[in-house]
>>> print(open('protein.tsv').read())   # TSV, C-alpha atoms and all ligand atoms
chain	number	residue	atom	x	y	z
A	1	MET	CA	20.83	-2.00	50.26
A	2	GLU	CA	21.09	-4.94	52.60
A	3	ILE	CA	20.85	-4.17	56.33
A	4	THR	CA	22.79	-6.09	59.00
A	5	GLU	CA	22.20	-5.47	62.70
A	6	ILE	CA	24.81	-5.86	65.45
A	7	HIS	CA	23.18	-5.73	68.88
A	8	PHE	CA	24.77	-5.18	72.30
A	9	ASP	CA	23.27	-5.55	75.75
A	10	SER	CA	25.49	-2.73	76.98
A	11	ILE	CA	28.05	-0.54	75.24
A	12	ASP	CA	29.73	2.81	75.81
A	13	SER	CA	28.24	4.36	72.68
A	14	THR	CA	26.99	2.80	69.45
A	15	ASN	CA	28.65	5.67	67.52
A	16	THR	CA	31.99	5.13	69.27
A	17	TYR	CA	31.83	1.37	68.55
A	18	ALA	CA	31.01	2.10	64.89
A	19	LYS	CA	33.92	4.54	64.55
A	20	LYS	CA	36.37	1.98	65.96
A	21	ASN	CA	35.06	-0.96	63.91
A	22	SER	CA	33.76	0.50	60.63
A	23	ALA	CA	36.65	-1.00	58.61
A	24	SER	CA	35.19	-4.47	59.26
A	25	PHE	CA	31.65	-3.59	58.02
A	26	PRO	CA	30.63	-4.72	54.50
A	27	PRO	CA	31.14	-1.66	52.24
A	28	ASP	CA	27.94	-2.12	50.20
A	29	GLU	CA	25.58	-2.63	53.11
A	30	ILE	CA	24.06	-0.64	55.93
A	31	THR	CA	25.33	-1.95	59.28
A	32	VAL	CA	23.14	-0.90	62.19
A	33	ILE	CA	24.70	-1.02	65.66
A	34	THR	CA	22.10	-1.09	68.44
A	35	ALA	CA	22.24	-1.41	72.22
A	36	GLU	CA	19.91	-1.89	75.17
A	37	GLU	CA	21.87	0.74	77.08
A	38	GLN	CA	24.80	3.11	76.54
A	39	THR	CA	27.15	3.92	79.39
A	40	ALA	CA	28.69	6.91	77.57
A	41	GLY	CA	26.03	7.95	75.03
A	42	ARG	CA	27.08	11.07	73.15
A	43	GLY	CA	25.08	13.99	71.78
A	44	ARG	CA	25.97	16.99	69.64
A	45	TYR	CA	28.33	19.61	71.11
A	46	GLN	CA	29.96	17.04	73.44
A	47	ARG	CA	26.75	16.62	75.40
A	48	LYS	CA	25.77	13.38	77.11
A	49	TRP	CA	22.91	11.31	75.73
A	50	ILE	CA	21.01	9.81	78.68
A	51	SER	CA	20.68	6.14	77.73
A	52	PRO	CA	18.85	4.00	80.34
A	53	LYS	CA	18.52	0.27	79.78
A	54	GLY	CA	15.72	-1.50	77.93
A	55	VAL	CA	13.44	1.43	77.21
A	56	ASN	CA	14.75	3.39	74.23
A	57	ILE	CA	16.33	3.03	70.80
A	58	TYR	CA	20.06	3.71	70.47
A	59	ALA	CA	21.07	2.94	66.90
A	60	THR	CA	23.97	3.87	64.63
A	61	PHE	CA	23.61	3.43	60.86
A	62	CYS	CA	26.96	2.86	59.11
A	63	PHE	CA	27.43	2.95	55.35
A	64	GLN	CA	29.71	4.36	52.71
A	65	LEU	CA	29.07	7.15	50.25
A	66	PRO	CA	31.31	8.25	47.40
A	67	PHE	CA	33.71	11.12	47.96
A	68	PRO	CA	32.67	13.79	47.27
A	69	THR	CA	28.92	13.55	47.97
A	70	LYS	CA	26.92	16.74	47.47
A	71	GLN	CA	24.82	18.15	50.34
A	72	LEU	CA	26.32	15.65	52.79
A	73	PRO	CA	25.66	17.85	55.87
A	74	SER	CA	21.91	17.55	55.22
A	75	LEU	CA	21.99	13.74	55.50
A	76	ALA	CA	21.33	13.85	59.27
A	77	GLN	CA	18.13	15.78	58.54
A	78	VAL	CA	17.03	12.93	56.28
A	79	MET	CA	17.33	10.53	59.23
A	80	SER	CA	15.17	12.82	61.41
A	81	TYR	CA	12.67	13.05	58.59
A	82	SER	CA	12.57	9.23	58.28
A	83	LEU	CA	11.49	9.04	61.92
A	84	ALA	CA	9.11	12.01	61.66
A	85	SER	CA	7.38	10.47	58.63
A	86	LEU	CA	6.79	7.22	60.56
A	87	LEU	CA	5.35	9.14	63.52
A	88	ILE	CA	3.00	11.03	61.19
A	89	GLU	CA	1.72	7.67	59.94
A	90	GLU	CA	1.01	6.80	63.58
A	91	GLY	CA	-1.24	9.87	63.82
A	92	LEU	CA	1.28	12.05	65.67
A	93	THR	CA	2.33	15.59	64.76
A	94	PRO	CA	6.11	15.77	65.07
A	95	LYS	CA	8.18	18.87	64.37
A	96	ILE	CA	11.83	19.03	63.38
A	97	LYS	CA	13.89	21.45	65.41
A	98	TRP	CA	16.62	22.33	62.91
A	99	PRO	CA	18.92	20.70	62.17
A	100	ASN	CA	17.81	17.28	63.33
A	101	ASP	CA	15.91	17.00	66.61
A	102	VAL	CA	12.46	15.45	66.44
A	103	GLN	CA	9.95	16.99	68.84
A	104	LEU	CA	6.47	16.11	70.04
A	105	GLY	CA	4.47	18.83	71.77
A	106	GLY	CA	7.53	21.08	71.75
A	107	LYS	CA	9.68	18.54	73.61
A	108	LYS	CA	12.54	16.48	72.23
A	109	ILE	CA	12.02	12.77	71.62
A	110	SER	CA	14.94	12.16	69.28
A	111	GLY	CA	18.38	13.47	68.33
A	112	VAL	CA	20.86	12.57	65.60
A	113	LEU	CA	24.66	12.62	65.75
A	114	CYS	CA	26.39	12.31	62.38
A	115	GLU	CA	30.11	11.60	62.24
A	116	THR	CA	32.26	10.96	59.17
A	117	LEU	CA	35.52	9.18	58.43
A	118	PHE	CA	37.16	10.19	55.16
A	119	GLN	CA	38.83	7.42	53.18
A	120	ASN	CA	40.50	7.59	49.73
A	121	ASP	CA	37.49	7.70	47.42
A	122	SER	CA	34.68	7.16	49.91
A	123	ILE	CA	33.22	8.55	53.10
A	124	GLN	CA	32.25	6.31	55.99
A	125	ILE	CA	29.06	7.69	57.49
A	126	ILE	CA	28.30	7.03	61.15
A	127	LEU	CA	24.77	8.23	61.71
A	128	GLY	CA	23.53	7.71	65.26
A	129	ILE	CA	19.95	8.23	66.38
A	130	GLY	CA	18.56	8.14	69.90
A	131	ILE	CA	14.80	7.87	70.35
A	132	ASN	CA	13.07	8.20	73.71
A	133	VAL	CA	10.54	5.40	73.29
A	134	ASN	CA	9.29	4.07	76.64
A	135	MET	CA	11.36	6.34	78.86
A	136	THR	CA	9.74	7.22	82.19
A	137	GLU	CA	9.24	10.68	83.70
A	138	ALA	CA	11.89	9.82	86.34
A	139	ASP	CA	14.56	9.17	83.67
A	140	LEU	CA	13.47	12.17	81.58
A	141	LYS	CA	14.13	14.41	84.59
A	142	LYS	CA	17.84	13.59	84.17
A	143	ILE	CA	17.83	15.48	80.85
A	144	ASP	CA	18.54	19.18	81.29
A	145	LYS	CA	16.28	20.29	78.39
A	146	PRO	CA	12.53	19.73	77.80
A	147	ALA	CA	12.24	16.11	76.67
A	148	THR	CA	9.52	13.52	76.35
A	149	SER	CA	9.01	9.94	75.18
A	150	LEU	CA	6.62	8.22	72.78
A	151	GLU	CA	5.03	6.37	75.69
A	152	ILE	CA	4.34	9.56	77.59
A	153	GLU	CA	2.92	11.33	74.54
A	154	THR	CA	0.65	8.44	73.51
A	155	ASN	CA	-0.17	6.75	76.84
A	156	HIS	CA	0.92	3.35	75.59
A	157	THR	CA	4.09	1.30	75.46
A	158	TRP	CA	5.77	0.99	72.05
A	159	ASP	CA	7.40	-2.12	70.60
A	160	ARG	CA	10.99	-0.92	70.07
A	161	GLN	CA	11.85	-3.74	67.65
A	162	VAL	CA	8.92	-2.93	65.38
A	163	LEU	CA	9.74	0.79	65.37
A	164	LEU	CA	13.44	0.14	64.70
A	165	LYS	CA	12.67	-2.21	61.78
A	166	LYS	CA	10.32	0.40	60.26
A	167	LEU	CA	12.98	3.09	60.69
A	168	GLU	CA	15.62	0.89	59.04
A	169	MET	CA	13.39	0.28	56.02
A	170	ARG	CA	12.29	3.91	55.75
A	171	PHE	CA	15.81	5.29	56.07
A	172	ALA	CA	17.19	2.77	53.53
A	173	THR	CA	14.57	3.99	51.03
A	174	HIS	CA	15.34	7.64	51.78
A	175	LEU	CA	19.09	6.99	51.49
A	176	GLU	CA	18.65	5.57	47.98
A	177	ARG	CA	16.79	8.74	47.01
A	178	PHE	CA	19.39	10.96	48.64
A	179	LYS	CA	22.15	9.18	46.71
A	180	LYS	CA	20.37	9.82	43.40
A	181	GLU	CA	18.75	13.22	43.96
A	182	GLY	CA	20.45	14.80	46.97
A	183	PHE	CA	18.40	16.88	49.42
A	184	ALA	CA	15.85	18.12	46.83
A	185	PRO	CA	13.11	15.50	47.50
A	186	PHE	CA	13.30	16.24	51.25
A	187	HIS	CA	13.66	20.03	51.21
A	188	HIS	CA	10.00	21.07	51.35
A	189	ARG	CA	8.86	18.06	53.35
A	190	ILE	CA	11.31	18.93	56.12
A	191	GLU	CA	10.65	22.67	55.83
A	192	ASN	CA	6.94	21.97	56.39
A	193	LEU	CA	7.80	20.29	59.70
A	194	LEU	CA	10.19	22.99	60.90
A	195	ALA	CA	9.67	23.93	64.57
A	196	TYR	CA	9.51	27.66	65.55
A	197	LYS	CA	8.74	28.82	61.98
A	198	GLY	CA	7.92	32.56	62.15
A	199	GLU	CA	9.18	32.80	65.74
A	200	THR	CA	12.21	34.64	67.07
A	201	ILE	CA	14.98	32.22	67.94
A	202	HIS	CA	18.58	32.32	69.16
A	203	CYS	CA	20.95	30.09	67.24
A	204	PHE	CA	24.55	29.38	68.28
A	205	ASP	CA	26.57	28.42	65.18
A	206	GLY	CA	29.74	27.47	67.07
A	207	LYS	CA	31.11	31.02	66.96
A	208	LYS	CA	28.32	33.46	67.77
A	209	ILE	CA	24.69	33.58	68.77
A	210	TRP	CA	22.43	34.76	65.94
A	211	VAL	CA	19.03	36.24	66.81
A	212	GLY	CA	16.34	36.31	64.15
A	213	ILE	CA	13.10	34.85	62.91
A	214	CYS	CA	13.17	31.18	61.92
A	215	HIS	CA	12.28	31.66	58.24
A	216	SER	CA	12.88	28.67	55.96
A	217	LEU	CA	15.30	26.00	54.78
A	218	THR	CA	17.61	26.55	51.83
A	219	SER	CA	17.60	23.91	49.08
A	220	GLU	CA	20.74	22.47	50.73
A	221	GLY	CA	19.22	22.22	54.22
A	222	LEU	CA	20.73	25.37	55.73
A	223	LEU	CA	18.53	27.39	58.10
A	224	ASN	CA	17.45	30.79	56.81
A	225	LEU	CA	17.21	33.25	59.65
A	226	ALA	CA	15.48	36.61	58.98
A	227	LEU	CA	17.65	39.20	60.71
A	228	PRO	CA	16.34	42.47	62.21
A	229	ASP	CA	17.87	44.40	59.25
A	230	GLY	CA	15.63	42.48	56.83
A	231	THR	CA	18.32	40.25	55.33
A	232	LEU	CA	18.33	36.46	55.33
A	233	GLN	CA	21.29	34.72	56.96
A	234	ALA	CA	21.81	31.06	56.05
A	235	LEU	CA	23.33	29.03	58.90
A	236	HIS	CA	25.30	25.87	58.06
A	237	SER	CA	25.00	24.30	61.48
A	238	GLY	CA	23.94	25.32	64.92
A	239	ASP	CA	21.96	24.86	68.04
A	240	ILE	CA	18.64	26.65	68.42
A	241	GLN	CA	18.04	28.02	71.89
A	242	ILE	CA	14.63	29.17	73.01
A	243	ASP	CA	14.29	31.32	76.10
A	301	LIG	C1	21.81	15.06	70.01
A	301	LIG	O1	20.63	15.40	69.92
A	301	LIG	O2	22.62	15.74	70.63
A	301	LIG	C2	22.24	13.82	69.30
A	301	LIG	C3	22.00	12.59	70.13
A	301	LIG	C4	22.41	11.30	69.45
A	301	LIG	C5	22.27	10.11	70.36
A	301	LIG	C6	22.51	8.81	69.65
A	301	LIG	S1	22.06	7.40	70.61
A	301	LIG	C7	22.84	6.35	69.46
A	301	LIG	C8	24.12	7.03	69.06
A	301	LIG	N1	25.18	6.74	70.01
A	301	LIG	C9	25.58	7.83	70.66
A	301	LIG	O3	26.46	7.86	71.55
A	301	LIG	N2	24.90	8.90	70.25
A	301	LIG	C10	23.95	8.55	69.21
>>> encode(input="protein.tsv", output="structure tokens")
Amino acid sequence: MEITEIHFDSIDSTNTYAKKNSASFPPDEITVITAEEQTAGRGRYQRKWISPKGVNIYATFCFQLPFPTKQLPSLAQVMSYSLASLLIEEGLTPKIKWPNDVQLGGKKISGVLCETLFQNDSIQIILGIGINVNMTEADLKKIDKPATSLEIETNHTWDRQVLLKKLEMRFATHLERFKKEGFAPFHHRIENLLAYKGETIHCFDGKKIWVGICHSLTSEGLLNLALPDGTLQALHSGDIQID
């Protein structure tokens, strides 16, 4: 699939821009909206995404999939895996905190926000990823959860353009596979990178907080939690809290 980039010096949020303008994007291409800074970057659960200028990657991948597409909720995990696989090639050891945070050394370096617009026979996907690339300790302190950047973890500055281009190519390849085979090719690869495997976690699924052992991924990308009564509970979505 062809990839077209639209770049902004400053924008409220690349996801918000994509949602407002997706009707004008070519339907058979991936349009990637990027920005040097976001003034109203958004995270999951209405959180803010701290988006200082000129140091990180803020990118939203827009494309269409047929309606219905099987295992659609797992697509955001594929994006996290695209990044994680690139970091592994750089000699790093990322983990994926289910569903789609990428961590280094137990701290978050990347998050994914997937939004969808349903049309007649297609779904417009708006898949935003934020990556803390060269973010400084001072900026990281503004984030209320443990977070780090590639620069801090590796002691060198990263070329954001090079990393973004690699991510675009890797994700485009993974997307083609997802369209043909669904989540199956990614299931075990992502499960192998799962953070907190075998540990007790708290997971808020939007309604209640589940407590159990982080066990495995289902073939559709749901999180299997081993409950104290010995049963497995598959969670469709959620937010893992460690304390
Ligand atoms: C999360 O972990 O809560 C998801 C964070 C997603 C942040 C990215 S940055 C690019 C895109 N634009 C946004 O406003 N959010 C996503």
>>> closest_atom_pairs(input="protein.tsv", of="chain A", to="ligand LIG 301 (chain A)", cutoff="9 Å", atoms="only C-alpha atoms and all ligand atoms", output="tab-separated table")
residue	atom	partner	partner_atom	distance
A:Asp12	CA	A:LIG301	O3	7.4
A:Ser13	CA	A:LIG301	O3	4.1
A:Thr14	CA	A:LIG301	N1	4.4
A:Asn15	CA	A:LIG301	N1	4.4
A:Thr16	CA	A:LIG301	O3	6.6
A:Tyr17	CA	A:LIG301	N1	8.7
A:Ile33	CA	A:LIG301	C7	8.5
A:Thr34	CA	A:LIG301	C7	7.5
A:Ala35	CA	A:LIG301	C7	8.3
A:Gln38	CA	A:LIG301	O3	7.1
A:Thr39	CA	A:LIG301	O3	8.8
A:Ala40	CA	A:LIG301	O3	6.5
A:Gly41	CA	A:LIG301	O3	3.5
A:Arg42	CA	A:LIG301	O3	3.6
A:Gly43	CA	A:LIG301	O2	3.2
A:Arg44	CA	A:LIG301	O2	3.7
A:Tyr45	CA	A:LIG301	O2	6.9
A:Gln46	CA	A:LIG301	O2	8.0
A:Arg47	CA	A:LIG301	O2	6.4
A:Lys48	CA	A:LIG301	O2	7.6
A:Trp49	CA	A:LIG301	C5	5.5
A:Ile50	CA	A:LIG301	C5	8.4
A:Ser51	CA	A:LIG301	S1	7.4
A:Ile57	CA	A:LIG301	S1	7.2
A:Tyr58	CA	A:LIG301	C7	4.0
A:Ala59	CA	A:LIG301	C7	4.6
A:Thr60	CA	A:LIG301	C8	5.4
A:Phe61	CA	A:LIG301	C8	9.0
A:Asn100	CA	A:LIG301	O1	7.4
A:Asp101	CA	A:LIG301	O1	6.0
A:Val102	CA	A:LIG301	O1	8.9
A:Lys108	CA	A:LIG301	O1	8.5
A:Ser110	CA	A:LIG301	O1	6.6
A:Gly111	CA	A:LIG301	O1	3.4
A:Val112	CA	A:LIG301	C2	4.1
A:Leu113	CA	A:LIG301	C2	4.5
A:Cys114	CA	A:LIG301	C10	8.2
A:Ile126	CA	A:LIG301	C8	8.9
A:Leu127	CA	A:LIG301	C8	7.5
A:Gly128	CA	A:LIG301	C8	3.9
A:Ile129	CA	A:LIG301	C6	4.2
A:Gly130	CA	A:LIG301	S1	3.6
A:Ile131	CA	A:LIG301	S1	7.3
>>> residues_around(input="protein.tsv", residues="A:Asp139", least_positions_apart="5", cutoff="12 Å", atoms="all atoms listed in the file", output="count of residues only")
15
>>> residues_around(input="protein.tsv", residues="A:His202", least_positions_apart="5", cutoff="9 Å", atoms="only C-alpha atoms", output="number ranges by chain")
A: 209-213, 239-243
>>> atom_distance(input="protein.tsv", atom1="atom CA of A:Leu167", atom2="atom CA of A:Ser82")
6.6 Å
>>> residues_around(input="protein.tsv", residues="A:Ser122", least_positions_apart="4", cutoff="8 Å", atoms="only C-alpha atoms", output="count of residues only")
6
>>> closest_residue(input="protein.tsv", among="A:Ile96, A:Leu150, A:Ile143, A:Leu164", to="A:Ala195", atoms="only C-alpha atoms")
A:Ile96
>>> atom_distance(input="protein.tsv", atom1="atom CA of A:Gln71", atom2="atom CA of A:Ala172")
17.5 Å
>>> atom_distance(input="protein.tsv", atom1="atom CA of A:Lys179", atom2="atom CA of A:Ile30")
13.6 Å
>>> residues_near_point(input="protein.tsv", point="(19.2, 18.2, 55.1)", cutoff="6 Å", atoms="only C-alpha atoms", output="PyMOL selection string")
chain A and resi 74-75+77-78+183+221
>>> residues_near_point(input="protein.tsv", point="(32.2, -2.4, 53.9)", cutoff="12 Å", atoms="only C-alpha atoms", output="MDAnalysis selection string")
chainID A and resid 1:4 18 21:31 62:65 119 122:125
>>> write_last_selection(input="protein.tsv", atoms="C-alpha atoms", output="PDB file, in the coordinates of the input")
ATOM      1  CA  MET A   1      20.830  -2.000  50.260  1.00  0.00           C
ATOM      2  CA  GLU A   2      21.090  -4.940  52.600  1.00  0.00           C
ATOM      3  CA  ILE A   3      20.850  -4.170  56.330  1.00  0.00           C
ATOM      4  CA  THR A   4      22.790  -6.090  59.000  1.00  0.00           C
ATOM      5  CA  ALA A  18      31.010   2.100  64.890  1.00  0.00           C
ATOM      6  CA  ASN A  21      35.060  -0.960  63.910  1.00  0.00           C
ATOM      7  CA  SER A  22      33.760   0.500  60.630  1.00  0.00           C
ATOM      8  CA  ALA A  23      36.650  -1.000  58.610  1.00  0.00           C
ATOM      9  CA  SER A  24      35.190  -4.470  59.260  1.00  0.00           C
ATOM     10  CA  PHE A  25      31.650  -3.590  58.020  1.00  0.00           C
ATOM     11  CA  PRO A  26      30.630  -4.720  54.500  1.00  0.00           C
ATOM     12  CA  PRO A  27      31.140  -1.660  52.240  1.00  0.00           C
ATOM     13  CA  ASP A  28      27.940  -2.120  50.200  1.00  0.00           C
ATOM     14  CA  GLU A  29      25.580  -2.630  53.110  1.00  0.00           C
ATOM     15  CA  ILE A  30      24.060  -0.640  55.930  1.00  0.00           C
ATOM     16  CA  THR A  31      25.330  -1.950  59.280  1.00  0.00           C
ATOM     17  CA  CYS A  62      26.960   2.860  59.110  1.00  0.00           C
ATOM     18  CA  PHE A  63      27.430   2.950  55.350  1.00  0.00           C
ATOM     19  CA  GLN A  64      29.710   4.360  52.710  1.00  0.00           C
ATOM     20  CA  LEU A  65      29.070   7.150  50.250  1.00  0.00           C
ATOM     21  CA  GLN A 119      38.830   7.420  53.180  1.00  0.00           C
ATOM     22  CA  SER A 122      34.680   7.160  49.910  1.00  0.00           C
ATOM     23  CA  ILE A 123      33.220   8.550  53.100  1.00  0.00           C
ATOM     24  CA  GLN A 124      32.250   6.310  55.990  1.00  0.00           C
ATOM     25  CA  ILE A 125      29.060   7.690  57.490  1.00  0.00           C
TER      26      ILE A 125
END
